[in-house]
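Chemist: Provided below: model09.txt, containing compact mmCIF, C-alpha atoms and all ligand atoms.
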```txt
# COMPACT_ATOMS: atom_id res chain seq x y z
CA MET A 1 3.38 -19.13 -12.85
CA SER A 2 6.73 -17.65 -13.74
CA GLU A 3 10.04 -18.70 -12.18
CA THR A 4 11.31 -15.14 -12.65
CA PHE A 5 10.03 -11.71 -11.65
CA GLN A 6 8.79 -9.98 -14.79
CA PHE A 7 6.83 -6.74 -15.37
CA THR A 8 5.00 -6.47 -18.68
CA LEU A 9 3.53 -3.18 -19.89
CA GLN A 10 0.34 -4.12 -21.79
CA ALA A 11 -1.21 -0.77 -22.74
CA THR A 12 -1.04 2.93 -22.00
CA ASP A 13 -3.65 5.70 -22.09
CA GLY A 14 -1.83 9.01 -21.72
CA LYS A 15 0.52 8.37 -18.78
CA ALA A 16 -1.78 5.74 -17.27
CA ARG A 17 -0.32 2.22 -17.63
CA LEU A 18 -1.91 -1.23 -17.79
CA GLY A 19 0.48 -4.03 -16.88
CA ALA A 20 1.14 -7.30 -15.08
CA ILE A 21 3.88 -8.46 -12.72
CA THR A 22 4.45 -12.20 -12.95
CA MET A 23 6.36 -14.05 -10.23
CA PRO A 24 6.39 -17.64 -8.86
CA ARG A 25 3.48 -17.07 -6.47
CA GLY A 26 1.22 -15.49 -9.06
CA THR A 27 0.46 -12.50 -11.27
CA VAL A 28 -0.30 -8.98 -10.07
CA ARG A 29 -2.54 -7.02 -12.44
CA THR A 30 -1.61 -3.34 -12.47
CA PRO A 31 -2.68 -0.73 -11.58
CA ALA A 32 -3.03 -2.71 -8.34
CA PHE A 33 -4.26 -1.91 -4.85
CA MET A 34 -2.58 -3.92 -2.07
CA PRO A 35 -4.73 -4.49 1.04
CA VAL A 36 -2.60 -3.81 4.13
CA GLY A 37 -1.89 -6.94 6.18
CA THR A 38 0.39 -5.35 8.77
CA ALA A 39 0.50 -8.06 11.48
CA ALA A 40 -0.03 -10.97 9.05
CA THR A 41 -3.74 -10.21 8.81
CA VAL A 42 -5.87 -7.86 6.72
CA LYS A 43 -7.75 -6.69 9.77
CA ALA A 44 -11.26 -8.20 10.24
CA LEU A 45 -11.12 -10.23 7.01
CA TYR A 46 -10.44 -13.88 6.19
CA MET A 47 -7.76 -14.25 3.49
CA ASP A 48 -10.18 -16.06 1.17
CA GLN A 49 -12.49 -13.02 1.39
CA VAL A 50 -9.51 -10.78 0.52
CA ARG A 51 -8.78 -12.99 -2.49
CA GLY A 52 -12.47 -13.04 -3.38
CA THR A 53 -12.49 -9.25 -3.74
CA GLY A 54 -9.93 -9.63 -6.55
CA ALA A 55 -6.76 -8.70 -4.64
CA ASP A 56 -3.65 -10.23 -6.23
CA ILE A 57 -1.15 -9.14 -3.55
CA ILE A 58 -1.17 -7.95 0.06
CA LEU A 59 1.29 -5.89 2.09
CA GLY A 60 3.09 -7.03 5.27
CA ASN A 61 5.23 -5.00 7.67
CA THR A 62 8.76 -5.90 8.71
CA TYR A 63 8.57 -3.66 11.80
CA HIS A 64 5.46 -5.27 13.29
CA LEU A 65 6.38 -8.87 12.44
CA MET A 66 9.97 -8.61 13.73
CA LEU A 67 8.58 -7.45 17.09
CA ARG A 68 5.78 -9.98 17.20
CA PRO A 69 5.86 -12.95 16.54
CA GLY A 70 9.50 -12.51 15.34
CA ALA A 71 10.97 -13.05 11.87
CA GLU A 72 12.91 -16.22 12.80
CA ARG A 73 9.76 -17.71 14.33
CA VAL A 74 7.73 -16.99 11.16
CA ALA A 75 10.53 -18.61 9.12
CA ARG A 76 10.48 -21.72 11.37
CA LEU A 77 6.71 -21.91 10.84
CA GLY A 78 7.13 -21.98 7.06
CA GLY A 79 7.19 -18.27 6.21
CA LEU A 80 4.55 -15.56 6.06
CA HIS A 81 2.50 -17.07 3.20
CA GLU A 82 2.05 -20.35 5.12
CA PHE A 83 1.64 -18.60 8.49
CA ALA A 84 -1.15 -16.31 7.26
CA ARG A 85 -2.59 -18.79 4.72
CA TRP A 86 -2.09 -16.37 1.80
CA PRO A 87 -0.33 -18.32 -0.99
CA HIS A 88 -0.25 -15.35 -3.43
CA PRO A 89 2.36 -12.55 -3.70
CA ILE A 90 3.27 -10.49 -0.64
CA LEU A 91 5.09 -7.14 -0.61
CA THR A 92 6.75 -6.12 2.64
CA ASP A 93 7.74 -2.67 3.79
CA SER A 94 11.24 -2.37 5.23
CA GLY A 95 10.46 -0.99 8.67
CA GLY A 96 12.20 2.39 8.78
CA PHE A 97 9.03 4.34 8.16
CA GLN A 98 7.15 2.41 10.85
CA VAL A 99 9.98 2.89 13.35
CA MET A 100 9.83 6.65 12.83
CA SER A 101 6.04 6.73 13.09
CA LEU A 102 5.47 4.18 15.88
CA SER A 103 8.51 3.80 18.08
CA LYS A 104 9.22 6.40 20.76
CA LEU A 105 12.93 6.09 21.53
CA ARG A 106 14.87 5.77 18.32
CA LYS A 107 18.24 6.84 16.93
CA LEU A 108 19.13 6.94 13.28
CA THR A 109 22.76 6.73 12.10
CA GLU A 110 24.55 5.75 8.90
CA GLN A 111 24.64 2.19 10.23
CA GLY A 112 20.88 1.98 10.61
CA VAL A 113 18.19 2.68 13.18
CA THR A 114 18.06 1.65 16.82
CA PHE A 115 14.71 1.82 18.59
CA ARG A 116 12.58 0.52 21.39
CA SER A 117 9.59 -1.67 20.58
CA HIS A 118 6.21 0.05 20.99
CA VAL A 119 4.95 -3.37 22.15
CA ASP A 120 7.23 -4.13 25.11
CA GLY A 121 9.98 -1.52 25.11
CA ALA A 122 12.69 -4.01 24.10
CA ARG A 123 15.67 -2.50 22.26
CA TYR A 124 16.27 -3.33 18.57
CA GLU A 125 18.81 -2.41 15.90
CA MET A 126 17.87 -2.48 12.24
CA SER A 127 20.45 -2.00 9.53
CA PRO A 128 19.67 -2.10 5.80
CA GLU A 129 21.16 -5.61 5.81
CA ARG A 130 18.99 -6.77 8.74
CA SER A 131 15.84 -5.37 7.10
CA ILE A 132 16.52 -7.39 3.94
CA GLU A 133 17.38 -10.46 6.06
CA ILE A 134 14.04 -10.16 7.90
CA GLN A 135 12.08 -9.75 4.65
CA GLY A 136 13.85 -12.86 3.34
CA LEU A 137 12.97 -14.81 6.51
CA LEU A 138 9.32 -13.80 6.00
CA GLY A 139 9.57 -15.10 2.41
CA SER A 140 8.52 -11.76 0.93
CA ASP A 141 8.15 -11.66 -2.85
CA ILE A 142 8.71 -7.89 -3.18
CA GLN A 143 11.03 -6.36 -0.60
CA MET A 144 11.60 -2.68 0.16
CA GLN A 145 14.96 -1.07 0.79
CA LEU A 146 15.43 0.51 4.21
CA ASP A 147 15.00 4.25 3.81
CA GLU A 148 14.55 7.44 5.78
CA CYS A 149 11.33 9.39 5.30
CA VAL A 150 11.45 12.89 6.78
CA ALA A 151 8.26 14.50 8.06
CA LEU A 152 7.17 17.45 5.93
CA PRO A 153 7.62 20.40 5.94
CA ALA A 154 11.38 20.10 6.46
CA PRO A 155 14.43 22.25 5.60
CA PHE A 156 16.02 21.46 2.24
CA ALA A 157 19.27 20.35 3.93
CA ASP A 158 17.45 17.79 6.09
CA VAL A 159 15.56 16.39 3.11
CA GLU A 160 18.79 16.23 1.08
CA ARG A 161 20.68 14.43 3.86
CA ALA A 162 17.93 11.83 4.32
CA MET A 163 17.57 11.32 0.56
CA GLU A 164 21.32 10.78 0.13
CA MET A 165 21.52 8.34 3.05
CA SER A 166 18.55 6.45 1.60
CA LEU A 167 20.52 6.11 -1.65
CA ARG A 168 23.52 4.66 0.22
CA TRP A 169 21.11 2.31 2.03
CA ALA A 170 19.63 1.29 -1.33
CA GLU A 171 23.11 0.16 -2.48
CA ARG A 172 23.58 -1.82 0.75
CA CYS A 173 20.13 -3.40 0.42
CA LYS A 174 20.82 -4.33 -3.21
CA THR A 175 24.04 -6.06 -2.11
CA ALA A 176 22.34 -7.81 0.81
CA PHE A 177 19.42 -8.92 -1.40
CA GLY A 178 21.79 -10.45 -3.93
CA ASP A 179 20.22 -12.52 -6.66
CA GLN A 180 16.85 -14.02 -5.67
CA PRO A 181 15.13 -15.20 -8.91
CA GLY A 182 11.37 -14.70 -8.71
CA ARG A 183 11.71 -12.06 -6.00
CA ALA A 184 12.40 -8.32 -6.25
CA MET A 185 13.85 -5.55 -4.16
CA PHE A 186 12.45 -2.08 -4.87
CA GLY A 187 14.35 1.16 -4.33
CA ILE A 188 12.43 4.00 -2.69
CA VAL A 189 12.58 7.51 -4.15
CA GLN A 190 12.84 10.16 -1.47
CA GLY A 191 13.35 13.92 -1.68
CA GLY A 192 10.40 15.44 0.18
CA ALA A 193 8.67 18.23 -1.74
CA GLU A 194 11.90 19.28 -3.49
CA PRO A 195 11.79 18.61 -7.26
CA VAL A 196 15.58 18.70 -7.68
CA LEU A 197 16.04 16.14 -4.89
CA ARG A 198 13.27 13.91 -6.27
CA GLU A 199 14.97 13.93 -9.70
CA ARG A 200 18.38 13.21 -8.16
CA SER A 201 17.01 10.33 -6.08
CA ALA A 202 15.07 8.79 -8.98
CA SER A 203 17.98 8.95 -11.44
CA ALA A 204 20.46 7.52 -8.90
CA LEU A 205 18.08 4.62 -8.18
CA LYS A 206 17.50 4.10 -11.92
CA ALA A 207 21.26 3.70 -12.35
CA MET A 208 21.16 0.83 -9.82
CA ASP A 209 18.98 -1.11 -12.30
CA LEU A 210 16.53 -2.40 -9.67
CA LYS A 211 13.47 -4.54 -10.45
CA GLY A 212 10.99 -1.89 -9.30
CA TYR A 213 10.71 1.57 -7.80
CA SER A 214 8.65 2.93 -4.91
CA VAL A 215 7.87 6.59 -4.38
CA GLY A 216 8.17 7.24 -0.66
CA GLY A 217 8.13 10.31 1.52
CA LEU A 218 4.63 11.24 0.38
CA ALA A 219 1.16 10.72 1.89
CA VAL A 220 2.69 12.13 5.07
CA GLY A 221 0.23 14.99 5.46
CA GLU A 222 1.19 17.15 2.50
CA PRO A 223 -1.60 18.64 0.34
CA GLN A 224 -2.63 16.44 -2.59
CA HIS A 225 -1.30 18.93 -5.14
CA VAL A 226 2.21 18.67 -3.62
CA MET A 227 2.09 14.86 -3.86
CA LEU A 228 0.95 15.08 -7.49
CA GLU A 229 3.63 17.65 -8.37
CA MET A 230 6.28 15.26 -6.98
CA LEU A 231 4.85 12.48 -9.18
CA ASP A 232 5.01 14.81 -12.20
CA VAL A 233 8.73 15.23 -11.51
CA THR A 234 9.57 11.67 -10.44
CA CYS A 235 7.72 9.33 -12.83
CA PRO A 236 9.32 10.62 -16.06
CA VAL A 237 12.79 9.87 -14.62
CA LEU A 238 11.95 6.28 -13.61
CA PRO A 239 12.40 3.52 -16.23
CA ALA A 240 9.15 2.88 -18.12
CA GLU A 241 9.69 -0.89 -18.13
CA LYS A 242 9.74 -1.24 -14.32
CA PRO A 243 6.77 -1.08 -11.89
CA ARG A 244 6.19 2.08 -9.85
CA TYR A 245 4.64 1.87 -6.36
CA LEU A 246 3.31 4.94 -4.52
CA MET A 247 3.52 4.10 -0.82
CA GLY A 248 0.65 4.72 1.57
CA VAL A 249 -1.83 6.04 -1.01
CA GLY A 250 -4.70 6.65 -0.81
CA THR A 251 -8.26 7.82 -1.33
CA PRO A 252 -9.99 6.81 -4.59
CA ASP A 253 -9.32 10.32 -5.88
CA ASP A 254 -5.60 10.10 -4.94
CA ILE A 255 -5.36 6.76 -6.76
CA LEU A 256 -7.06 7.99 -9.95
CA LYS A 257 -4.90 11.11 -10.11
CA SER A 258 -1.74 9.06 -9.46
CA VAL A 259 -2.59 6.43 -12.09
CA ALA A 260 -2.98 9.37 -14.49
CA ARG A 261 0.66 10.26 -13.72
CA GLY A 262 2.07 6.76 -14.27
CA ILE A 263 1.80 4.93 -10.95
CA ASP A 264 1.17 1.15 -11.03
CA MET A 265 0.83 0.03 -7.38
CA PHE A 266 -0.80 1.38 -4.22
CA ASP A 267 -1.35 0.45 -0.59
CA CYS A 268 -3.33 2.24 2.11
CA VAL A 269 -4.93 1.41 5.47
CA MET A 270 -7.86 3.67 4.57
CA PRO A 271 -10.42 1.06 3.39
CA THR A 272 -9.89 -1.25 6.39
CA ARG A 273 -9.38 1.51 8.99
CA ALA A 274 -12.45 3.40 7.71
CA GLY A 275 -14.44 0.14 7.83
CA ARG A 276 -13.59 -0.27 11.52
CA HIS A 277 -14.87 3.25 12.10
CA GLY A 278 -18.24 2.80 10.39
CA LEU A 279 -17.40 4.40 7.03
CA ALA A 280 -18.38 2.65 3.78
CA PHE A 281 -16.94 3.41 0.34
CA THR A 282 -19.39 2.95 -2.53
CA ARG A 283 -19.53 3.78 -6.24
CA ARG A 284 -21.78 6.70 -5.38
CA GLY A 285 -19.58 8.12 -2.60
CA ARG A 286 -18.99 7.67 1.12
CA VAL A 287 -21.67 6.44 3.59
CA ASN A 288 -21.14 7.11 7.29
CA LEU A 289 -23.09 4.30 8.94
CA ARG A 290 -22.82 5.97 12.34
CA ASN A 291 -25.30 8.53 11.06
CA ALA A 292 -28.83 8.03 12.53
CA ARG A 293 -30.43 8.75 9.17
CA HIS A 294 -29.60 5.15 8.16
CA ALA A 295 -31.56 3.64 11.08
CA ASP A 296 -34.60 2.70 8.95
CA ASP A 297 -32.98 2.41 5.54
CA HIS A 298 -33.62 -1.11 4.23
CA ARG A 299 -31.46 -0.56 1.10
CA PRO A 300 -28.07 -2.30 0.85
CA LEU A 301 -24.93 -0.25 0.26
CA ASP A 302 -24.81 -1.27 -3.41
CA GLU A 303 -27.36 -3.70 -4.84
CA GLU A 304 -25.18 -4.20 -7.96
CA SER A 305 -21.99 -5.12 -6.11
CA ASP A 306 -20.67 -8.69 -6.27
CA CYS A 307 -19.56 -8.38 -2.62
CA PRO A 308 -22.14 -9.87 -0.18
CA ALA A 309 -21.29 -7.19 2.42
CA ALA A 310 -22.43 -4.49 -0.04
CA ARG A 311 -25.35 -6.38 -1.56
CA ASP A 312 -27.00 -8.51 1.15
CA TYR A 313 -27.22 -6.31 4.26
CA SER A 314 -29.43 -3.28 4.85
CA ARG A 315 -27.94 0.06 5.85
CA ALA A 316 -30.23 -0.13 8.88
CA TYR A 317 -28.56 -3.36 10.00
CA LEU A 318 -25.06 -1.97 9.35
CA HIS A 319 -26.00 1.17 11.28
CA HIS A 320 -27.22 -1.01 14.17
CA LEU A 321 -23.98 -3.05 14.19
CA VAL A 322 -21.80 0.06 14.10
CA ARG A 323 -23.74 1.85 16.83
CA SER A 324 -23.69 -1.35 18.95
CA GLN A 325 -19.94 -1.68 18.33
CA GLU A 326 -20.52 -5.24 17.18
CA ALA A 327 -17.47 -6.95 15.59
CA LEU A 328 -19.59 -7.90 12.56
CA GLY A 329 -19.93 -4.20 11.73
CA ALA A 330 -16.17 -3.80 11.29
CA MET A 331 -16.00 -7.10 9.40
CA LEU A 332 -18.74 -6.28 6.88
CA LEU A 333 -17.62 -2.68 6.26
CA SER A 334 -13.95 -3.68 5.87
CA TRP A 335 -15.03 -6.35 3.40
CA ASN A 336 -17.21 -3.86 1.51
CA ASN A 337 -14.41 -1.28 1.39
CA ILE A 338 -11.69 -3.66 0.16
CA ALA A 339 -14.15 -4.95 -2.46
CA TYR A 340 -14.90 -1.36 -3.53
CA TYR A 341 -11.19 -0.59 -3.91
CA GLN A 342 -10.66 -3.74 -5.99
CA GLN A 343 -13.70 -2.90 -8.15
CA LEU A 344 -12.20 0.57 -8.65
CA MET A 345 -8.84 -0.94 -9.72
CA GLN A 346 -10.60 -3.36 -12.09
CA GLY A 347 -12.48 -0.43 -13.62
CA ILE A 348 -9.24 1.52 -13.98
CA ARG A 349 -7.51 -1.42 -15.71
CA ALA A 350 -10.41 -1.99 -18.11
CA SER A 351 -10.65 1.72 -18.94
CA ILE A 352 -6.92 1.95 -19.79
CA TRP A 353 -7.30 -1.06 -22.09
CA ASP A 354 -10.26 0.66 -23.80
CA GLY A 355 -8.49 4.04 -24.01
CA ARG A 356 -11.15 5.78 -21.89
CA PHE A 357 -9.30 6.21 -18.58
CA SER A 358 -9.90 9.97 -18.24
CA ALA A 359 -13.66 9.53 -18.78
CA PHE A 360 -13.69 6.70 -16.21
CA ALA A 361 -11.77 8.83 -13.70
CA GLU A 362 -14.19 11.70 -14.19
CA GLU A 363 -17.24 9.53 -13.62
CA ALA A 364 -15.69 7.48 -10.79
CA THR A 365 -15.11 10.47 -8.53
CA GLY A 366 -18.15 12.48 -9.63
CA GLY A 367 -20.20 11.07 -6.77
CA TRP A 368 -17.51 11.92 -4.26
CA GLU A 369 -18.27 15.63 -4.45
CA ARG A 370 -21.65 14.88 -2.82
CA GLY A 371 -19.92 13.53 0.31
CA ASP A 372 -22.08 11.39 2.60
CA ILE A 373 -24.97 9.83 0.65
N1 LIG B 401 3.56 7.22 3.15
C1 LIG B 401 4.50 6.24 3.27
C2 LIG B 401 4.10 4.94 3.63
C3 LIG B 401 5.04 3.93 3.75
C4 LIG B 401 6.40 4.22 3.55
N2 LIG B 401 7.35 3.23 3.68
C5 LIG B 401 8.64 3.52 3.49
N3 LIG B 401 9.56 2.52 3.62
N4 LIG B 401 9.08 4.76 3.15
C6 LIG B 401 8.20 5.77 3.00
O1 LIG B 401 8.66 6.97 2.67
C7 LIG B 401 6.80 5.53 3.20
C8 LIG B 401 5.84 6.54 3.06
```
Is it possible to give me this structure as structure tokens?
Ligand SMILES: Nc1ccc2nc(N)nc(O)c2c1

Modeler:
Amino acid sequence: MSETFQFTLQATDGKARLGAITMPRGTVRTPAFMPVGTAATVKALYMDQVRGTGADIILGNTYHLMLRPGAERVARLGGLHEFARWPHPILTDSGGFQVMSLSKLRKLTEQGVTFRSHVDGARYEMSPERSIEIQGLLGSDIQMQLDECVALPAPFADVERAMEMSLRWAERCKTAFGDQPGRAMFGIVQGGAEPVLRERSASALKAMDLKGYSVGGLAVGEPQHVMLEMLDVTCPVLPAEKPRYLMGVGTPDDILKSVARGIDMFDCVMPTRAGRHGLAFTRRGRVNLRNARHADDHRPLDEESDCPAARDYSRAYLHHLVRSQEALGAMLLSWNNIAYYQQLMQGIRASIWDGRFSAFAEEATGGWERGDI
């Protein structure tokens, strides 16, 4: 355990990076995938199952937790780690993105964002300072600045305005965060699909000498090649000795292509959301358990997996659970999918260490071209 927050770069293979982030609550091996624990739960999984898949860190959401059960209440109950029984590192998002995607009535000004709760319609104000205060009340180990993510496509002027306000908010968040040894506040690079704005945002954030950098404003519906082009522009500007987190990404293919461009951390609802909808990720591609062709298939999803959900249950049984809308179906497929993502990340880390990342990436997504198997 380290009393300070420290990122160590251990090896590189091209632009792919192998590293580790040490902090008081534990070490995060990078490249890392963070299971999404939005409302203090990784949906349909026990936290010891999440840990058992190899996850070193999970993500929590300021927006959801401030609405319900409330940040001050979580603090009174000992903080998010105690509340959710996850003693390892937690990264929290700052809430602005969720306000814009979930709340109906909202207004965004220089001061911050005012909005009505999608839960009960109550009115809230969230400034950069309040977002950092909430993340502190939750006890978050890695906190995000409050930012503005514009939906794409958007006019250059709109993207520029939002990017520049996000930079001013980054300064305010840095001041509000102060000096919290063992914890970090990450800046968030914005700039839409505009290379010049991405470069300007990344270099301004670099000058703030933050402990880590997120790349936001992507995975918002743009084609994959646009996302990758923005990484090609952004990563070279960011300091090599700090972690880089691509927000909201992604499919296995997105992750492999982003690791190849220098990204260290990922989060995405895909494995758990897909699990709740009957979709299994495996080493040989996707399996849609809703499909009747699995009704008599006694094979497990992956007989070589170390996850019981992949190894010990027949596809026929999983198909039955999914078609019957039994809760166990969502539980087993979410478990399988998070385990698959962690196995993918472990394979990525090992391949970078061995200098064979591009061969691993090639083989890892080969099966994906076949689609449903
Ligand atoms: N695709 C995403 C996902 C989460 C985000 N969170 C913040 N704070 N900002 C963004 O731009 C995000 C983009």

Chemist: Can you tell me which residues come within 6 Å of ligand LIG 401 (chain B) when counting all atoms listed in the file, ideally as a list in words?

Modeler: Asp93, Ser94, Gly96, Phe97, Asp147, Cys149, Gly216, Gly217, Leu218, Ala219, Val220, Met247 and Gly248 of chain A

Chemist: May I have the residues within 12 Å of Leu45 of chain A as a ChimeraX atom specification, using all atoms listed in the file and disregarding those fewer than 4 positions away in the same chain?

Modeler: /A:35-37,40-41,49-53,84,271-272,275-276,309,327-339

Chemist: For Thr8 of chain A, list every protein, DNA or RNA residue within 10 Å, evaluated using all atoms listed in the file, and leave out those in the same chain fewer than 5 positions away; present the list as a list of chain:residue names.

Modeler: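 Near Thr8 of chain A, the qualifying residues are A:Leu18, A:Gly19, A:Ala20, A:Ile21, A:Thr22, A:Arg29, A:Thr30, A:Glu241, A:Lys242, A:Pro243.
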
Chemist: Please determine the residues with any atom at most 12 Å from (17.7, -2.4, -16.2) (coordinates as given in the file, with all atoms listed in the file counting) and report them as a ChimeraX atom specification.

Modeler: /A:6-7,205-213,238-243

Chemist: When you count all atoms listed in the file, which of these residues is closest to Glu110 of chain A: A:Cys235, A:Ile134, A:Met165, A:Ile90?

Modeler: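 Counting all atoms listed in the file, the residue closest to Glu110 of chain A is A:Met165.
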
Chemist: Reconstruct N, CA, C and O atoms of segment 126-137 of chain A; output as a PDB file, keeping the file's coordinate frame.

Modeler:
```pdb
ATOM      1  N   MET A 126      18.213  -2.024  13.594  1.00  0.00           N
ATOM      2  CA  MET A 126      17.870  -2.480  12.240  1.00  0.00           C
ATOM      3  C   MET A 126      18.750  -1.757  11.233  1.00  0.00           C
ATOM      4  O   MET A 126      18.640  -0.553  11.072  1.00  0.00           O
ATOM      5  N   SER A 127      19.589  -2.527  10.603  1.00  0.00           N
ATOM      6  CA  SER A 127      20.450  -2.000   9.530  1.00  0.00           C
ATOM      7  C   SER A 127      19.763  -2.316   8.205  1.00  0.00           C
ATOM      8  O   SER A 127      18.834  -3.151   8.161  1.00  0.00           O
ATOM      9  N   PRO A 128      20.194  -1.706   7.112  1.00  0.00           N
ATOM     10  CA  PRO A 128      19.670  -2.100   5.800  1.00  0.00           C
ATOM     11  C   PRO A 128      19.796  -3.610   5.569  1.00  0.00           C
ATOM     12  O   PRO A 128      18.864  -4.266   5.104  1.00  0.00           O
ATOM     13  N   GLU A 129      20.925  -4.172   5.996  1.00  0.00           N
ATOM     14  CA  GLU A 129      21.160  -5.610   5.810  1.00  0.00           C
ATOM     15  C   GLU A 129      20.167  -6.440   6.623  1.00  0.00           C
ATOM     16  O   GLU A 129      19.616  -7.431   6.147  1.00  0.00           O
ATOM     17  N   ARG A 130      19.901  -6.017   7.884  1.00  0.00           N
ATOM     18  CA  ARG A 130      18.990  -6.770   8.740  1.00  0.00           C
ATOM     19  C   ARG A 130      17.558  -6.680   8.194  1.00  0.00           C
ATOM     20  O   ARG A 130      16.807  -7.657   8.231  1.00  0.00           O
ATOM     21  N   SER A 131      17.189  -5.514   7.653  1.00  0.00           N
ATOM     22  CA  SER A 131      15.840  -5.370   7.100  1.00  0.00           C
ATOM     23  C   SER A 131      15.635  -6.347   5.937  1.00  0.00           C
ATOM     24  O   SER A 131      14.611  -7.029   5.864  1.00  0.00           O
ATOM     25  N   ILE A 132      16.629  -6.453   5.073  1.00  0.00           N
ATOM     26  CA  ILE A 132      16.520  -7.390   3.940  1.00  0.00           C
ATOM     27  C   ILE A 132      16.535  -8.831   4.451  1.00  0.00           C
ATOM     28  O   ILE A 132      15.789  -9.692   3.963  1.00  0.00           O
ATOM     29  N   GLU A 133      17.345  -9.097   5.482  1.00  0.00           N
ATOM     30  CA  GLU A 133      17.380 -10.460   6.060  1.00  0.00           C
ATOM     31  C   GLU A 133      16.005 -10.832   6.603  1.00  0.00           C
ATOM     32  O   GLU A 133      15.482 -11.918   6.358  1.00  0.00           O
ATOM     33  N   ILE A 134      15.360  -9.894   7.332  1.00  0.00           N
ATOM     34  CA  ILE A 134      14.040 -10.160   7.900  1.00  0.00           C
ATOM     35  C   ILE A 134      13.026 -10.417   6.790  1.00  0.00           C
ATOM     36  O   ILE A 134      12.250 -11.379   6.841  1.00  0.00           O
ATOM     37  N   GLN A 135      13.036  -9.578   5.746  1.00  0.00           N
ATOM     38  CA  GLN A 135      12.080  -9.750   4.650  1.00  0.00           C
ATOM     39  C   GLN A 135      12.301 -11.090   3.948  1.00  0.00           C
ATOM     40  O   GLN A 135      11.352 -11.745   3.521  1.00  0.00           O
ATOM     41  N   GLY A 136      13.572 -11.539   3.910  1.00  0.00           N
ATOM     42  CA  GLY A 136      13.850 -12.860   3.340  1.00  0.00           C
ATOM     43  C   GLY A 136      13.314 -13.967   4.226  1.00  0.00           C
ATOM     44  O   GLY A 136      12.748 -14.958   3.754  1.00  0.00           O
ATOM     45  N   LEU A 137      13.480 -13.800   5.557  1.00  0.00           N
ATOM     46  CA  LEU A 137      12.970 -14.810   6.510  1.00  0.00           C
ATOM     47  C   LEU A 137      11.437 -14.923   6.387  1.00  0.00           C
ATOM     48  O   LEU A 137      10.869 -16.012   6.507  1.00  0.00           O
TER      49      LEU A 137
END
```
